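**Q** Okay, so here is entry-v2.pdb, and as you'll see once you scroll down, it has PDB, C-alpha atoms.
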```
ATOM      1  CA  MET A  15      17.409  14.348  73.342
ATOM      2  CA  MET A  16      18.914  17.420  74.952
ATOM      3  CA  GLU A  17      19.115  20.815  73.335
ATOM      4  CA  LEU A  18      22.355  22.690  73.962
ATOM      5  CA  SER A  19      22.042  26.360  74.911
ATOM      6  CA  ASN A  20      23.657  29.219  73.017
ATOM      7  CA  SER A  21      24.431  31.526  75.973
ATOM      8  CA  THR A  22      25.311  35.159  75.447
ATOM      9  CA  GLY A  23      26.891  36.198  78.757
ATOM     10  CA  GLU A  24      29.162  34.972  81.517
ATOM     11  CA  ALA A  25      26.226  34.238  83.807
ATOM     12  CA  ASP A  26      24.515  32.134  81.152
ATOM     13  CA  LEU A  27      27.781  30.358  80.328
ATOM     14  CA  SER A  28      28.340  29.528  83.991
ATOM     15  CA  LEU A  29      24.769  28.270  84.318
ATOM     16  CA  ASN A  30      25.064  26.130  81.218
ATOM     17  CA  THR A  31      28.348  24.666  82.431
ATOM     18  CA  GLY A  32      26.749  23.739  85.741
ATOM     19  CA  VAL A  33      23.781  22.152  83.980
ATOM     20  CA  GLN A  34      26.140  20.218  81.700
ATOM     21  CA  VAL A  35      27.984  18.864  84.726
ATOM     22  CA  ALA A  36      24.700  17.880  86.400
ATOM     23  CA  ALA A  37      23.477  16.170  83.221
ATOM     24  CA  SER A  38      26.790  14.317  82.842
ATOM     25  CA  ILE A  39      26.585  13.059  86.440
ATOM     26  CA  ILE A  40      23.009  11.841  85.980
ATOM     27  CA  LEU A  41      23.877  10.116  82.705
ATOM     28  CA  GLY A  42      27.004   8.549  84.217
ATOM     29  CA  ALA A  43      25.023   7.136  87.143
ATOM     30  CA  THR A  44      22.341   5.972  84.738
ATOM     31  CA  CYS A  45      24.919   4.103  82.676
ATOM     32  CA  LEU A  46      26.581   2.441  85.685
ATOM     33  CA  ILE A  47      23.263   1.344  87.184
ATOM     34  CA  GLY A  48      21.186   0.579  84.120
ATOM     35  CA  ILE A  49      23.509  -1.457  81.895
ATOM     36  CA  PRO A  50      24.302  -4.221  84.420
ATOM     37  CA  GLY A  51      20.772  -4.095  85.852
ATOM     38  CA  ASN A  52      18.965  -4.585  82.546
ATOM     39  CA  SER A  53      21.553  -7.141  81.412
ATOM     40  CA  ILE A  54      20.844  -9.257  84.492
ATOM     41  CA  VAL A  55      17.087  -9.011  83.968
ATOM     42  CA  ILE A  56      17.459 -10.225  80.362
ATOM     43  CA  TRP A  57      19.837 -13.023  81.379
ATOM     44  CA  VAL A  58      17.602 -14.229  84.211
ATOM     45  CA  ILE A  59      14.464 -14.369  82.062
ATOM     46  CA  LEU A  60      16.143 -16.055  79.092
ATOM     47  CA  SER A  61      18.339 -18.548  80.926
ATOM     48  CA  LYS A  62      16.580 -19.229  84.236
ATOM     49  CA  MET A  63      12.883 -19.173  83.447
ATOM     50  CA  LYS A  64      11.205 -21.964  81.495
ATOM     51  CA  ARG A  65       7.723 -20.443  81.732
ATOM     52  CA  ARG A  66       7.295 -16.889  80.455
ATOM     53  CA  PRO A  67       3.735 -15.560  80.746
ATOM     54  CA  SER A  68       2.667 -12.272  79.201
ATOM     55  CA  THR A  69       3.934 -10.024  81.993
ATOM     56  CA  ILE A  70       7.397 -11.588  81.927
ATOM     57  CA  LEU A  71       7.653 -11.292  78.131
ATOM     58  CA  LEU A  72       6.744  -7.611  78.329
ATOM     59  CA  ILE A  73       9.374  -7.065  81.034
ATOM     60  CA  LEU A  74      11.926  -8.825  78.812
ATOM     61  CA  ASN A  75      11.225  -6.523  75.881
ATOM     62  CA  LEU A  76      11.199  -3.502  78.187
ATOM     63  CA  ALA A  77      14.655  -4.454  79.470
ATOM     64  CA  ILE A  78      15.947  -4.942  75.906
ATOM     65  CA  ALA A  79      14.665  -1.516  74.846
ATOM     66  CA  ASP A  80      16.197   0.110  77.932
ATOM     67  CA  LEU A  81      19.547  -1.625  77.466
ATOM     68  CA  VAL A  82      19.898  -0.489  73.838
ATOM     69  CA  VAL A  83      19.318   3.108  74.946
ATOM     70  CA  LEU A  84      21.822   2.885  77.792
ATOM     71  CA  ILE A  85      24.740   1.482  75.790
ATOM     72  CA  THR A  86      24.797   4.710  73.755
ATOM     73  CA  LEU A  87      25.219   6.915  76.840
ATOM     74  CA  PRO A  88      29.058   7.122  76.856
ATOM     75  CA  LEU A  89      28.913   8.838  73.460
ATOM     76  CA  TRP A  90      26.364  11.393  74.692
ATOM     77  CA  ILE A  91      28.307  12.094  77.886
ATOM     78  CA  TYR A  92      31.405  12.736  75.790
ATOM     79  CA  SER A  93      29.502  14.973  73.368
ATOM     80  CA  ILE A  94      28.033  17.108  76.165
ATOM     81  CA  ASN A  95      31.508  18.076  77.331
ATOM     82  CA  ASN A  96      33.558  17.867  74.127
ATOM     83  CA  GLY A  97      31.119  18.320  71.266
ATOM     84  CA  TRP A  98      29.828  15.841  68.689
ATOM     85  CA  VAL A  99      32.798  14.646  66.618
ATOM     86  CA  PHE A 100      31.218  11.554  65.047
ATOM     87  CA  GLY A 101      29.537  13.142  62.021
ATOM     88  CA  GLU A 102      25.944  13.931  61.066
ATOM     89  CA  ILE A 103      25.024  10.456  59.794
ATOM     90  CA  SER A 104      25.953   8.828  63.102
ATOM     91  CA  CYS A 105      24.043  11.609  64.868
ATOM     92  CA  LYS A 106      20.872  10.780  62.947
ATOM     93  CA  VAL A 107      21.277   6.996  63.239
ATOM     94  CA  LEU A 108      22.020   6.960  66.973
ATOM     95  CA  THR A 109      19.274   9.455  67.756
ATOM     96  CA  TYR A 110      16.791   7.392  65.748
ATOM     97  CA  LEU A 111      17.915   4.246  67.588
ATOM     98  CA  ILE A 112      17.386   5.954  70.932
ATOM     99  CA  TYR A 113      13.939   7.234  70.036
ATOM    100  CA  CYS A 114      12.890   3.802  68.711
ATOM    101  CA  ASN A 115      13.765   2.198  72.018
ATOM    102  CA  LEU A 116      12.392   5.008  74.162
ATOM    103  CA  TYR A 117       9.064   4.729  72.349
ATOM    104  CA  GLY A 118       9.299   0.958  72.754
ATOM    105  CA  SER A 119       9.934   1.343  76.474
ATOM    106  CA  VAL A 120       6.883   3.600  76.871
ATOM    107  CA  PHE A 121       4.686   1.258  74.838
ATOM    108  CA  PHE A 122       5.717  -1.834  76.798
ATOM    109  CA  ILE A 123       5.112  -0.093  80.122
ATOM    110  CA  THR A 124       1.642   0.791  78.827
ATOM    111  CA  LEU A 125       1.010  -2.788  77.709
ATOM    112  CA  MET A 126       2.038  -4.044  81.141
ATOM    113  CA  SER A 127      -0.735  -1.977  82.706
ATOM    114  CA  VAL A 128      -3.242  -3.253  80.136
ATOM    115  CA  ASP A 129      -2.061  -6.792  80.859
ATOM    116  CA  ARG A 130      -2.733  -6.309  84.580
ATOM    117  CA  PHE A 131      -6.098  -4.729  83.798
ATOM    118  CA  MET A 132      -7.182  -7.707  81.705
ATOM    119  CA  ALA A 133      -5.929 -10.214  84.276
ATOM    120  CA  VAL A 134      -7.947  -8.631  87.084
ATOM    121  CA  ILE A 135     -11.056  -7.268  85.353
ATOM    122  CA  TYR A 136     -11.557  -9.839  82.559
ATOM    123  CA  PRO A 137      -9.686 -12.965  83.714
ATOM    124  CA  PHE A 138     -11.760 -15.401  81.623
ATOM    125  CA  ALA A 139     -11.702 -13.458  78.373
ATOM    126  CA  SER A 140      -8.013 -12.596  78.716
ATOM    127  CA  GLN A 141      -6.696 -16.139  79.180
ATOM    128  CA  ARG A 142      -6.491 -16.805  75.449
ATOM    129  CA  TRP A 143      -4.730 -13.692  74.223
ATOM    130  CA  ARG A 144      -2.425 -13.473  77.261
ATOM    131  CA  LYS A 145      -0.706 -16.749  76.352
ATOM    132  CA  GLU A 146       2.942 -16.670  75.259
ATOM    133  CA  LYS A 147       2.145 -17.276  71.572
ATOM    134  CA  SER A 148      -0.359 -14.421  71.465
ATOM    135  CA  VAL A 149       1.983 -11.971  73.175
ATOM    136  CA  CYS A 150       4.757 -12.936  70.758
ATOM    137  CA  LYS A 151       2.502 -11.747  67.941
ATOM    138  CA  VAL A 152       1.833  -8.415  69.643
ATOM    139  CA  VAL A 153       5.483  -7.628  70.421
ATOM    140  CA  PRO A 154       6.590  -7.157  66.754
ATOM    141  CA  VAL A 155       3.665  -4.786  66.210
ATOM    142  CA  VAL A 156       4.773  -2.696  69.187
ATOM    143  CA  TRP A 157       8.329  -2.502  67.864
ATOM    144  CA  ALA A 158       7.048  -1.572  64.395
ATOM    145  CA  LEU A 159       5.064   1.326  65.891
ATOM    146  CA  ALA A 160       8.127   2.452  67.836
ATOM    147  CA  PHE A 161      10.234   2.460  64.656
ATOM    148  CA  LEU A 162       7.501   4.394  62.838
ATOM    149  CA  PHE A 163       6.996   7.145  65.410
ATOM    150  CA  ALA A 164      10.754   7.675  65.687
ATOM    151  CA  VAL A 165      11.113   8.487  61.960
ATOM    152  CA  PRO A 166      10.557  12.287  62.286
ATOM    153  CA  VAL A 167      13.712  12.681  64.358
ATOM    154  CA  ILE A 168      15.807  11.574  61.362
ATOM    155  CA  LEU A 169      14.373  14.410  59.279
ATOM    156  CA  VAL A 170      14.994  17.237  61.761
ATOM    157  CA  LYS A 171      18.178  16.195  63.584
ATOM    158  CA  LYS A 172      21.221  18.212  62.526
ATOM    159  CA  VAL A 173      24.802  18.747  63.627
ATOM    160  CA  GLN A 174      25.463  22.438  64.235
ATOM    161  CA  THR A 175      28.252  24.419  65.832
ATOM    162  CA  ILE A 176      27.204  26.217  69.025
ATOM    163  CA  ASP A 177      29.617  28.097  71.282
ATOM    164  CA  GLY A 178      32.477  26.766  69.161
ATOM    165  CA  GLN A 179      31.501  23.102  69.525
ATOM    166  CA  PRO A 180      29.606  20.815  67.115
ATOM    167  CA  THR A 181      26.474  19.397  68.708
ATOM    168  CA  CYS A 182      24.082  16.611  67.762
ATOM    169  CA  SER A 183      21.266  17.892  69.957
ATOM    170  CA  VAL A 184      19.863  20.522  67.590
ATOM    171  CA  ARG A 185      16.593  20.060  65.709
ATOM    172  CA  GLU A 186      16.181  22.083  62.533
ATOM    173  CA  TYR A 187      12.573  22.380  61.358
ATOM    174  CA  ASP A 188      11.496  23.549  57.917
ATOM    175  CA  SER A 189       8.539  25.473  59.350
ATOM    176  CA  ASP A 190       6.648  26.230  62.551
ATOM    177  CA  ALA A 191       3.942  23.827  61.388
ATOM    178  CA  GLN A 192       6.463  20.988  61.156
ATOM    179  CA  GLN A 193       7.814  21.816  64.610
ATOM    180  CA  ILE A 194       4.325  21.922  66.148
ATOM    181  CA  THR A 195       3.448  18.588  64.510
ATOM    182  CA  CYS A 196       6.609  16.872  65.743
ATOM    183  CA  LEU A 197       6.263  18.195  69.308
ATOM    184  CA  THR A 198       2.570  17.300  69.422
ATOM    185  CA  VAL A 199       3.104  13.742  68.195
ATOM    186  CA  GLU A 200       6.043  13.208  70.540
ATOM    187  CA  THR A 201       4.191  14.481  73.612
ATOM    188  CA  PHE A 202       0.815  12.846  72.937
ATOM    189  CA  ILE A 203       2.087   9.485  71.669
ATOM    190  CA  GLY A 204       5.004   9.298  74.080
ATOM    191  CA  PHE A 205       3.354  10.625  77.240
ATOM    192  CA  VAL A 206      -0.253  11.893  77.301
ATOM    193  CA  ILE A 207      -1.945   8.858  75.726
ATOM    194  CA  PRO A 208       0.161   6.259  77.602
ATOM    195  CA  LEU A 209      -0.366   8.092  80.907
ATOM    196  CA  THR A 210      -4.123   8.199  80.281
ATOM    197  CA  VAL A 211      -4.185   4.462  79.599
ATOM    198  CA  LEU A 212      -2.113   3.778  82.720
ATOM    199  CA  ALA A 213      -4.380   5.898  84.907
ATOM    200  CA  ILE A 214      -7.574   4.256  83.628
ATOM    201  CA  CYS A 215      -6.200   0.716  83.916
ATOM    202  CA  TYR A 216      -4.837   1.096  87.421
ATOM    203  CA  ALA A 217      -7.899   2.944  88.685
ATOM    204  CA  HIS A 218     -10.029  -0.061  87.692
ATOM    205  CA  VAL A 219      -7.481  -2.550  89.006
ATOM    206  CA  ALA A 220      -7.241  -0.790  92.384
ATOM    207  CA  ARG A 221     -11.017  -0.708  92.726
ATOM    208  CA  ARG A 222     -11.396  -4.399  91.880
ATOM    209  CA  VAL A 223      -8.546  -5.524  94.150
ATOM    210  CA  SER A 224     -10.065  -3.570  97.041
ATOM    211  CA  GLN A 225     -13.277  -5.622  96.593
ATOM    212  CA  MET A 226     -11.482  -8.968  96.791
ATOM    213  CA  THR A 227     -11.305 -10.835 100.087
ATOM    214  CA  PHE A 228      -7.856 -12.434 100.019
ATOM    215  CA  LYS A 229      -5.254 -10.873 102.315
ATOM    216  CA  SER A 230      -2.034 -11.480 100.378
ATOM    217  CA  LYS A 231      -0.459  -8.445  98.752
ATOM    218  CA  ASN A 232       0.091  -8.674  95.041
ATOM    219  CA  ARG A 233       3.786  -7.999  94.541
ATOM    220  CA  SER A 234       3.490  -7.734  90.776
ATOM    221  CA  GLU A 235       0.860  -4.989  91.115
ATOM    222  CA  MET A 236       3.155  -3.016  93.402
ATOM    223  CA  LEU A 237       6.093  -3.501  91.040
ATOM    224  CA  ILE A 238       4.282  -2.414  87.877
ATOM    225  CA  ALA A 239       2.653   0.512  89.684
ATOM    226  CA  SER A 240       6.139   1.604  90.784
ATOM    227  CA  ILE A 241       7.318   1.430  87.171
ATOM    228  CA  VAL A 242       4.413   3.675  86.184
ATOM    229  CA  ILE A 243       5.238   6.218  88.907
ATOM    230  CA  ALA A 244       8.887   6.223  87.875
ATOM    231  CA  PHE A 245       7.780   6.729  84.269
ATOM    232  CA  VAL A 246       5.842   9.869  85.229
ATOM    233  CA  ILE A 247       8.655  11.319  87.351
ATOM    234  CA  CYS A 248      11.297  10.705  84.685
ATOM    235  CA  TRP A 249       9.324  11.765  81.617
ATOM    236  CA  LEU A 250       7.150  14.644  82.846
ATOM    237  CA  PRO A 251      10.001  17.252  82.908
ATOM    238  CA  TYR A 252      11.003  16.344  79.347
ATOM    239  CA  HIS A 253       7.504  16.864  77.982
ATOM    240  CA  VAL A 254       7.069  20.039  80.035
ATOM    241  CA  CYS A 255      10.067  21.370  78.087
ATOM    242  CA  ASN A 256       8.278  20.340  74.883
ATOM    243  CA  VAL A 257       5.209  22.306  75.987
ATOM    244  CA  ILE A 258       7.375  25.335  76.785
ATOM    245  CA  GLU A 259       8.997  25.085  73.349
ATOM    246  CA  PHE A 260       5.533  24.827  71.822
ATOM    247  CA  ALA A 261       4.416  27.917  73.784
ATOM    248  CA  SER A 262       7.389  29.894  72.501
ATOM    249  CA  LEU A 263       6.034  29.462  68.975
ATOM    250  CA  MET A 264       2.820  31.208  69.996
ATOM    251  CA  VAL A 265       4.481  34.501  71.009
ATOM    252  CA  ASP A 266       6.288  37.222  69.082
ATOM    253  CA  PRO A 267       9.944  36.168  68.474
ATOM    254  CA  ARG A 268      10.999  39.762  69.217
ATOM    255  CA  SER A 269       9.358  39.833  72.653
ATOM    256  CA  ASP A 270      10.943  39.279  76.063
ATOM    257  CA  ALA A 271       8.506  36.408  76.698
ATOM    258  CA  PHE A 272       9.925  34.543  73.717
ATOM    259  CA  SER A 273      13.491  34.921  75.003
ATOM    260  CA  VAL A 274      12.509  33.709  78.472
ATOM    261  CA  LEU A 275      10.609  30.676  77.165
ATOM    262  CA  GLU A 276      13.392  29.757  74.756
ATOM    263  CA  HIS A 277      16.040  30.041  77.482
ATOM    264  CA  ILE A 278      14.028  27.918  79.942
ATOM    265  CA  SER A 279      13.461  25.261  77.281
ATOM    266  CA  GLU A 280      17.122  25.133  76.263
ATOM    267  CA  VAL A 281      18.551  25.002  79.785
ATOM    268  CA  GLY A 282      15.852  22.693  81.149
ATOM    269  CA  SER A 283      16.343  20.215  78.326
ATOM    270  CA  TYR A 284      19.737  19.185  79.761
ATOM    271  CA  VAL A 285      18.394  17.785  83.029
ATOM    272  CA  SER A 286      15.004  16.708  81.634
ATOM    273  CA  GLY A 287      16.769  14.748  78.882
ATOM    274  CA  ALA A 288      19.041  13.109  81.449
ATOM    275  CA  LEU A 289      16.004  12.134  83.553
ATOM    276  CA  ALA A 290      14.372  10.605  80.477
ATOM    277  CA  PHE A 291      17.448   8.414  80.070
ATOM    278  CA  PHE A 292      17.324   7.543  83.776
ATOM    279  CA  SER A 293      13.904   5.971  83.247
ATOM    280  CA  SER A 294      15.726   3.197  81.364
ATOM    281  CA  ALA A 295      17.925   2.450  84.375
ATOM    282  CA  ILE A 296      15.470   2.513  87.233
ATOM    283  CA  ASN A 297      13.353  -0.548  86.367
ATOM    284  CA  PRO A 298      15.945  -3.160  87.489
ATOM    285  CA  LEU A 299      16.191  -1.288  90.794
ATOM    286  CA  LEU A 300      12.442  -1.671  91.198
ATOM    287  CA  TYR A 301      12.801  -5.409  90.615
ATOM    288  CA  ALA A 302      15.459  -5.487  93.314
ATOM    289  CA  PHE A 303      13.272  -3.603  95.787
ATOM    290  CA  ALA A 304      10.457  -6.017  94.987
ATOM    291  CA  ALA A 305      12.835  -8.725  96.183
ATOM    292  CA  LYS A 306      12.975  -6.817  99.498
ATOM    293  CA  SER A 307      16.727  -6.379  99.374
ATOM    294  CA  LEU A 308      18.681  -4.155  97.019
ATOM    295  CA  ARG A 309      21.848  -6.071  97.777
ATOM    296  CA  ASN A 310      20.293  -9.448  97.006
ATOM    297  CA  GLY A 311      17.946  -8.218  94.315
ATOM    298  CA  PHE A 312      20.508  -8.597  91.534
ATOM    299  CA  ARG A 313      21.330 -12.168  92.476
ATOM    300  CA  SER A 314      19.759 -14.414  89.894
ATOM    301  CA  PRO A 315      18.001 -16.813  92.330
ATOM    302  CA  VAL A 316      16.182 -13.907  93.958
ATOM    303  CA  MET A 317      15.303 -12.343  90.617
ATOM    304  CA  VAL A 318      13.931 -15.665  89.396
ATOM    305  CA  LYS A 319      11.825 -15.920  92.549
ATOM    306  CA  VAL A 320      10.397 -12.439  92.001
ATOM    307  CA  PHE A 321       9.492 -13.158  88.377
ATOM    308  CA  GLU A 322       8.015 -16.553  89.295
ATOM    309  CA  GLN A 323       5.870 -14.836  91.929
ATOM    310  CA  MET A 324       4.690 -12.390  89.272
ATOM    311  CA  ALA A 325       3.775 -15.287  86.991
ATOM    312  CA  GLN A 326       1.995 -17.042  89.853
ATOM    313  CA  SER A 327       0.083 -13.875  90.725
ATOM    314  CA  THR A 328      -1.682 -13.996  87.379
ATOM    315  CA  LYS A 329      -2.849 -17.514  88.112
ATOM    316  CA  ASP A 330      -3.963 -16.477  91.607
ATOM    317  CA  GLU A 331      -5.937 -13.542  90.201
ATOM    318  CA  TYR A 332      -7.673 -15.839  87.714
ATOM    319  CA  THR A 333      -8.466 -18.415  90.410
ATOM    320  CA  MET A 334      -9.775 -15.823  92.873
ATOM    321  CA  GLU A 335     -11.952 -14.131  90.263
ATOM    322  CA  ARG A 336     -13.327 -17.513  89.170
ATOM    323  CA  PHE A 337     -14.111 -18.334  92.809
ATOM    324  CA  ASN A 338     -15.871 -15.002  93.348
ATOM    325  CA  THR A 339     -17.885 -15.396  90.142
ATOM    326  CA  THR A 340     -18.909 -18.944  91.021
ATOM    327  CA  LYS A 341     -19.884 -17.833  94.521
ATOM    328  CA  VAL A 342     -22.104 -15.035  93.171
ATOM    329  CA  GLU A 343     -23.769 -17.375  90.684
ATOM    330  CA  SER A 344     -24.431 -19.901  93.462
ATOM    331  CA  ILE A 345     -26.058 -17.251  95.616
ATOM    332  CA  GLN A 346     -28.224 -16.128  92.708
ATOM    333  CA  ASP A 347     -29.331 -19.733  92.116
ATOM    334  CA  LEU A 348     -30.557 -19.875  95.725
TER     335      LEU A 348
END
```
Output the structure of this file as C-alpha cells.
**A**
Amino acid sequence: MMELSNSTGEADLSLNTGVQVAASIILGATCLIGIPGNSIVIWVILSKMKRRPSTILLILNLAIADLVVLITLPLWIYSINNGWVFGEISCKVLTYLIYCNLYGSVFFITLMSVDRFMAVIYPFASQRWRKEKSVCKVVPVVWALAFLFAVPVILVKKVQTIDGQPTCSVREYDSDAQQITCLTVETFIGFVIPLTVLAICYAHVARRVSQMTFKSKNRSEMLIASIVIAFVICWLPYHVCNVIEFASLMVDPRSDAFSVLEHISEVGSYVSGALAFFSSAINPLLYAFAAKSLRNGFRSPVMVKVFEQMAQSTKDEYTMERFNTTKVESIQDL
C-alpha cells in the first residue's frame, strides 16, 4: 500500500523517518481501534440479531472485510521500521489479501448507498430483491469482483532493498503502459466510480426525504452518510498520490518536475496509505456515535438497538412512501 522513499540526503532521510513514525502511529491506532470494534460488530450481528435485512447484511460483510485488513497491520508496522523479512511470496499473498478486502470494503459501502436509494426512491420495486435471500446471492458476486480486481497487485508487487532494508511496498511494472493501466483501474474502480454512485444515490435520497412530512430523523441515513464521508476523507489522499504518480509518467524523467512529482508521491504514500487503512477502523466508531455515546456504543445491547433501528427504518420508509403514494392517488381520484 505504501511506497518507501529512496532519499538521497540527510534532509530527505530525516523527513522520511518522521513520515515513517507518523504512519506507524496512525497504523497502531487503527489496529487498536479497528480490530475490537469490527469484531464486536460481527459478533453482535451474528449472535444477537435474528432478523438481518439487506442493510445489516452489508454492514456485516463490510466489517468482515475491514477486520481481515486490520489483522495484518502488525506485520506492516514492523516492516515500516525494520524492513520486510518475511519473503516475497508472503509479500504478494498478504498484499493481495489486503487489496481484496479493501476493494470489498469499497464495494459494500457503495452497495449500502444503493440499498438506501432503492428503499427511499423505489420502495415497492425494491422489496423483493432487498430480502435476505436476494442479498445473499449478491454478496458472493461482490467478493468475486473484489478478488478479480486485486489480481494485478500480485503481478507487480516485489521485494526490493531500499536504503539497506528489504521492503514489500515496491511495485515493479514491465512498462509505462502497464503502470498507467494499473493506476487507472485502481483509481476508477476503487474511488471515482464508487464516489459517483454514492453522490448520485444520496442526492436523490436527500431530495426525497426533504419532501416527506414525518418529523423523525432517520438514524440509518445519518450513519451511512457518515460512512461515505469517512470513505472520501480516508481514500482521497491515496488516490491523489496515484494521480501524482500517473502525472510523473507524462513528463521527462530527466526533468526537475519529474523528481518533484516522484518525491511527493513517495513521501505522501506513507500517510495516505495509513489513512486508507484507517478507513477500515472508523466504521465501528460511527456505529458507536449513532448510539449517542462512544462509551456505551460498544456494549452489545446498545449496538443491537442501533442495528434494530436501522432495520426498522427500512420498514418505516416503505410504509411512509406507501402512505404518500396512496394519498396522491386518492386526491387524483377526487
**Q** Taking into account only C-alpha atoms, which residue in the set A:Ala271, A:Leu299, A:Leu197, A:Leu108 is nearest to Val254 in chain A?
**A**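 So, comparing all the options, the nearest one is A:Leu197.
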**Q** The residues within 8 Å of (29.5, 21.2, 71.3), using all atoms listed in the file and the coordinates of the file, should be reported as a PyMOL selection string; which are they?
**A** chain A and resi 18+93-98+175-182
**Q** Please measure the separation of CA of Ala217 in chain A and CA of Cys255 in chain A, giving the value in Å to one decimal.
**A**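 We find that CA of Ala217 in chain A and CA of Cys255 in chain A lie 27.8 Å from each other.
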**Q** Identify the residues around (11.3, -11.4, 78.2) within a radius of 12 Å, measuring from only C-alpha atoms in the coordinates stated by the file, and give them as a VMD selection string.
**A** chain A and resid 52 to 79 122 146 149 to 150 153 321
**Q** Expand the PyMOL selection byres ((chain A and resi 104) around 12) into the explicit residue set it covers here, and present it as a list in words.
**A**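 For this structure, the PyMOL selection byres ((chain A and resi 104) around 12) captures Thr86, Leu89, Trp90, Trp98, Val99, Phe100, Gly101, Glu102, Ile103, Cys105, Lys106, Val107, Leu108, Thr109, Tyr110, Leu111, Ile112, Ile168, Lys171, Lys172, Val173, Thr181 and Cys182 of chain A.
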**Q** Taking the file as shown, find all residues satisfying the PyMOL selection byres ((chain A and resi 247) around 12) and write them as JSON, numbers by chain.
**A** {"A": [205, 209, 240, 241, 242, 243, 244, 245, 246, 248, 249, 250, 251, 252, 253, 254, 286, 289, 290, 291, 292, 293, 296]}
**Q** Taking the file as shown, what set of residues would the PyMOL selection byres ((chain A and resi 279) around 10) give back, as a count of residues only?
**A** 25
**Q** Taking into account all atoms listed in the file, which residue in the set A:Leu300, A:Leu212, A:Val285, A:Val170 is nearest to Val35 in chain A?
**A**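 Answer, going by the shortest atom-to-atom distance: A:Val285.
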**Q** Kindly compute an axis-aligned box around the listed atoms of range 124-134 of chain A, allowing 3 Å on each side, and express its centre and edge lengths in Å to one decimal as JSON.
**A**
```
{"center_x": -3.0, "center_y": -4.7, "center_z": 82.4, "size_x": 16.0, "size_y": 17.0, "size_z": 15.4}
```
**Q** May I ask for the distance between CA of Trp157 in chain A and CA of Thr124 in chain A, given in Å to one decimal place?
**A** 13.3 Å
**Q** Identify which of the residues A:Ile85, A:Val167, A:Ala191, A:Ala295 lies closest to Ile40 in chain A, counting only C-alpha atoms when measuring atom-to-atom distances.
**A**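 Closest residue, counting only C-alpha atoms: A:Ala295.
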**Q** Out of A:Leu263, A:Pro208, A:Gly287, A:Pro298, which residue has the shortest atom-to-atom distance to Met126 in chain A when counting only C-alpha atoms?
**A**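 The answer is A:Pro208, which sits nearest to Met126 in chain A.
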**Q** Taking all heavy atoms as the atom set, what does range 105-109 of chain A look like once completed, written as a short mmCIF file (atom, residue, chain, number, x, y, z; two decimals), in the frame of the given file?
**A**
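Produced file rebuild-v7.cif, reproduced below:
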```cif
data_model
loop_
_atom_site.label_atom_id
_atom_site.label_comp_id
_atom_site.auth_asym_id
_atom_site.auth_seq_id
_atom_site.Cartn_x
_atom_site.Cartn_y
_atom_site.Cartn_z
N CYS A 105 24.96 10.85 64.02
CA CYS A 105 24.04 11.61 64.87
C CYS A 105 22.60 11.20 64.59
O CYS A 105 21.83 10.92 65.51
CB CYS A 105 24.24 13.11 64.64
SG CYS A 105 23.00 14.16 65.44
N LYS A 106 22.23 11.15 63.32
CA LYS A 106 20.87 10.78 62.95
C LYS A 106 20.56 9.33 63.32
O LYS A 106 19.49 9.02 63.86
CB LYS A 106 20.67 10.99 61.44
CG LYS A 106 20.61 12.44 61.00
CD LYS A 106 20.45 12.52 59.48
CE LYS A 106 20.27 13.96 59.01
NZ LYS A 106 18.96 14.52 59.40
N VAL A 107 21.50 8.42 63.00
CA VAL A 107 21.28 7.00 63.24
C VAL A 107 21.14 6.70 64.73
O VAL A 107 20.21 6.01 65.16
CB VAL A 107 22.41 6.16 62.62
CG1 VAL A 107 22.28 4.69 63.05
CG2 VAL A 107 22.39 6.25 61.11
N LEU A 108 22.05 7.23 65.54
CA LEU A 108 22.02 6.96 66.97
C LEU A 108 20.80 7.60 67.63
O LEU A 108 20.18 7.00 68.52
CB LEU A 108 23.30 7.47 67.63
CG LEU A 108 24.55 6.62 67.39
CD1 LEU A 108 25.78 7.29 68.00
CD2 LEU A 108 24.38 5.22 67.95
N THR A 109 20.46 8.80 67.19
CA THR A 109 19.27 9.46 67.76
C THR A 109 18.02 8.68 67.40
O THR A 109 17.12 8.49 68.24
CB THR A 109 19.15 10.90 67.25
OG1 THR A 109 20.35 11.62 67.55
CG2 THR A 109 17.98 11.61 67.91
#
```
